[in-house]
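See below for the structure under consideration.
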Amino acid sequence: MPSPAVLNVGFYNYVVTDKIVALVSSESAPMRRLIQSVRKSGTLIDATQGRRTKSVVFTNDASIILSAISQETLAKRLTTGDVGSDDE
């Protein structure tokens with residue numbers, strides 16, 4: 001049975017690519033407000049390891065994942081099929 005394709009969102013944290021709906025920058029005020037409200041509701045997964053949040057990954061099961069890697073880098077990893085390294 002083949003293993004599912006995963007995306008490295010940084011620091012040896014992975015997300016199954018079939019579940020990803022959107023990769024969004026965390027820079028805007030509405031996105032920061034959304035992160036705070038989701039943090040209170042308990043469906044937030046923080047994969048930043050204490051680093052600055054650069055992107056937000058939305059999944060089809062209503063989970064939101066924070067990443068310290070930019071959405072451009074994550075999108076490049078997703079389109080090339082590269083799992084990504086933790087050099088960042």
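Just remember, in the structure tokens the first chain shown is A, the second B, etc., residues are 1-based per chain, and ligands are 1-based in the order shown.
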
Quiz prompt | Polymer residues at most 8 Å from Ser26 in chain A, only C-alpha atoms, same-chain spacing of 4 or more positions, as a VMD selection string | solution = chain A and resid 31 to 32 53 to 56

Give me a file of those residues, with C-alpha atoms, as a PDB file, in the first residue's frame.
```
ATOM      1  CA  MET A  31      -5.629  36.496   9.337  1.00  0.00           C
ATOM      2  CA  ARG A  32      -4.111  37.328  12.737  1.00  0.00           C
ATOM      3  CA  THR A  53       4.425  32.508  11.917  1.00  0.00           C
ATOM      4  CA  LYS A  54       4.845  33.120   8.184  1.00  0.00           C
ATOM      5  CA  SER A  55       2.026  31.044   6.717  1.00  0.00           C
ATOM      6  CA  VAL A  56      -1.260  29.400   7.593  1.00  0.00           C
TER       7      VAL A  56
END
```

Quiz item: Residues at most 9 Å from Val21 in chain A, counting only C-alpha atoms, excluding those fewer than 2 positions away in the same chain, as JSON, numbers by chain?
Solution: {"A": [17, 18, 19, 23, 57, 58, 59, 60]}

Quiz item: Which residues in range 35-73 of chain A does DSSP call alpha helix (DSSP H)? List them as a PyMOL selection string.
Solution: chain A and resi 35-41+71-73

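The space between CA of Arg39 in chain A and CA of Asp82 in chain A spans 29.5 Å.
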
Exercise. For Gln71 in chain A, list every protein, DNA or RNA residue within 7 Å, evaluated using only C-alpha atoms, and leave out those in the same chain fewer than 2 positions away; present the list as a ChimeraX atom specification.
Key: /A:23-25,55,69,73-75

Would you output that residue set with C-alpha atoms, as an mmCIF file, in the first residue's frame?
```
data_model
loop_
_atom_site.group_PDB
_atom_site.id
_atom_site.type_symbol
_atom_site.label_atom_id
_atom_site.label_comp_id
_atom_site.auth_asym_id
_atom_site.auth_seq_id
_atom_site.Cartn_x
_atom_site.Cartn_y
_atom_site.Cartn_z
ATOM 1 C CA LEU A 23 -1.783 28.140 1.924
ATOM 2 C CA VAL A 24 -2.138 31.734 3.121
ATOM 3 C CA SER A 25 0.213 34.421 4.409
ATOM 4 C CA SER A 55 2.026 31.044 6.717
ATOM 5 C CA ILE A 69 7.953 28.666 6.413
ATOM 6 C CA THR A 73 8.181 27.872 -0.218
ATOM 7 C CA LEU A 74 5.385 25.533 0.845
ATOM 8 C CA ALA A 75 3.642 25.955 -2.526
#
```
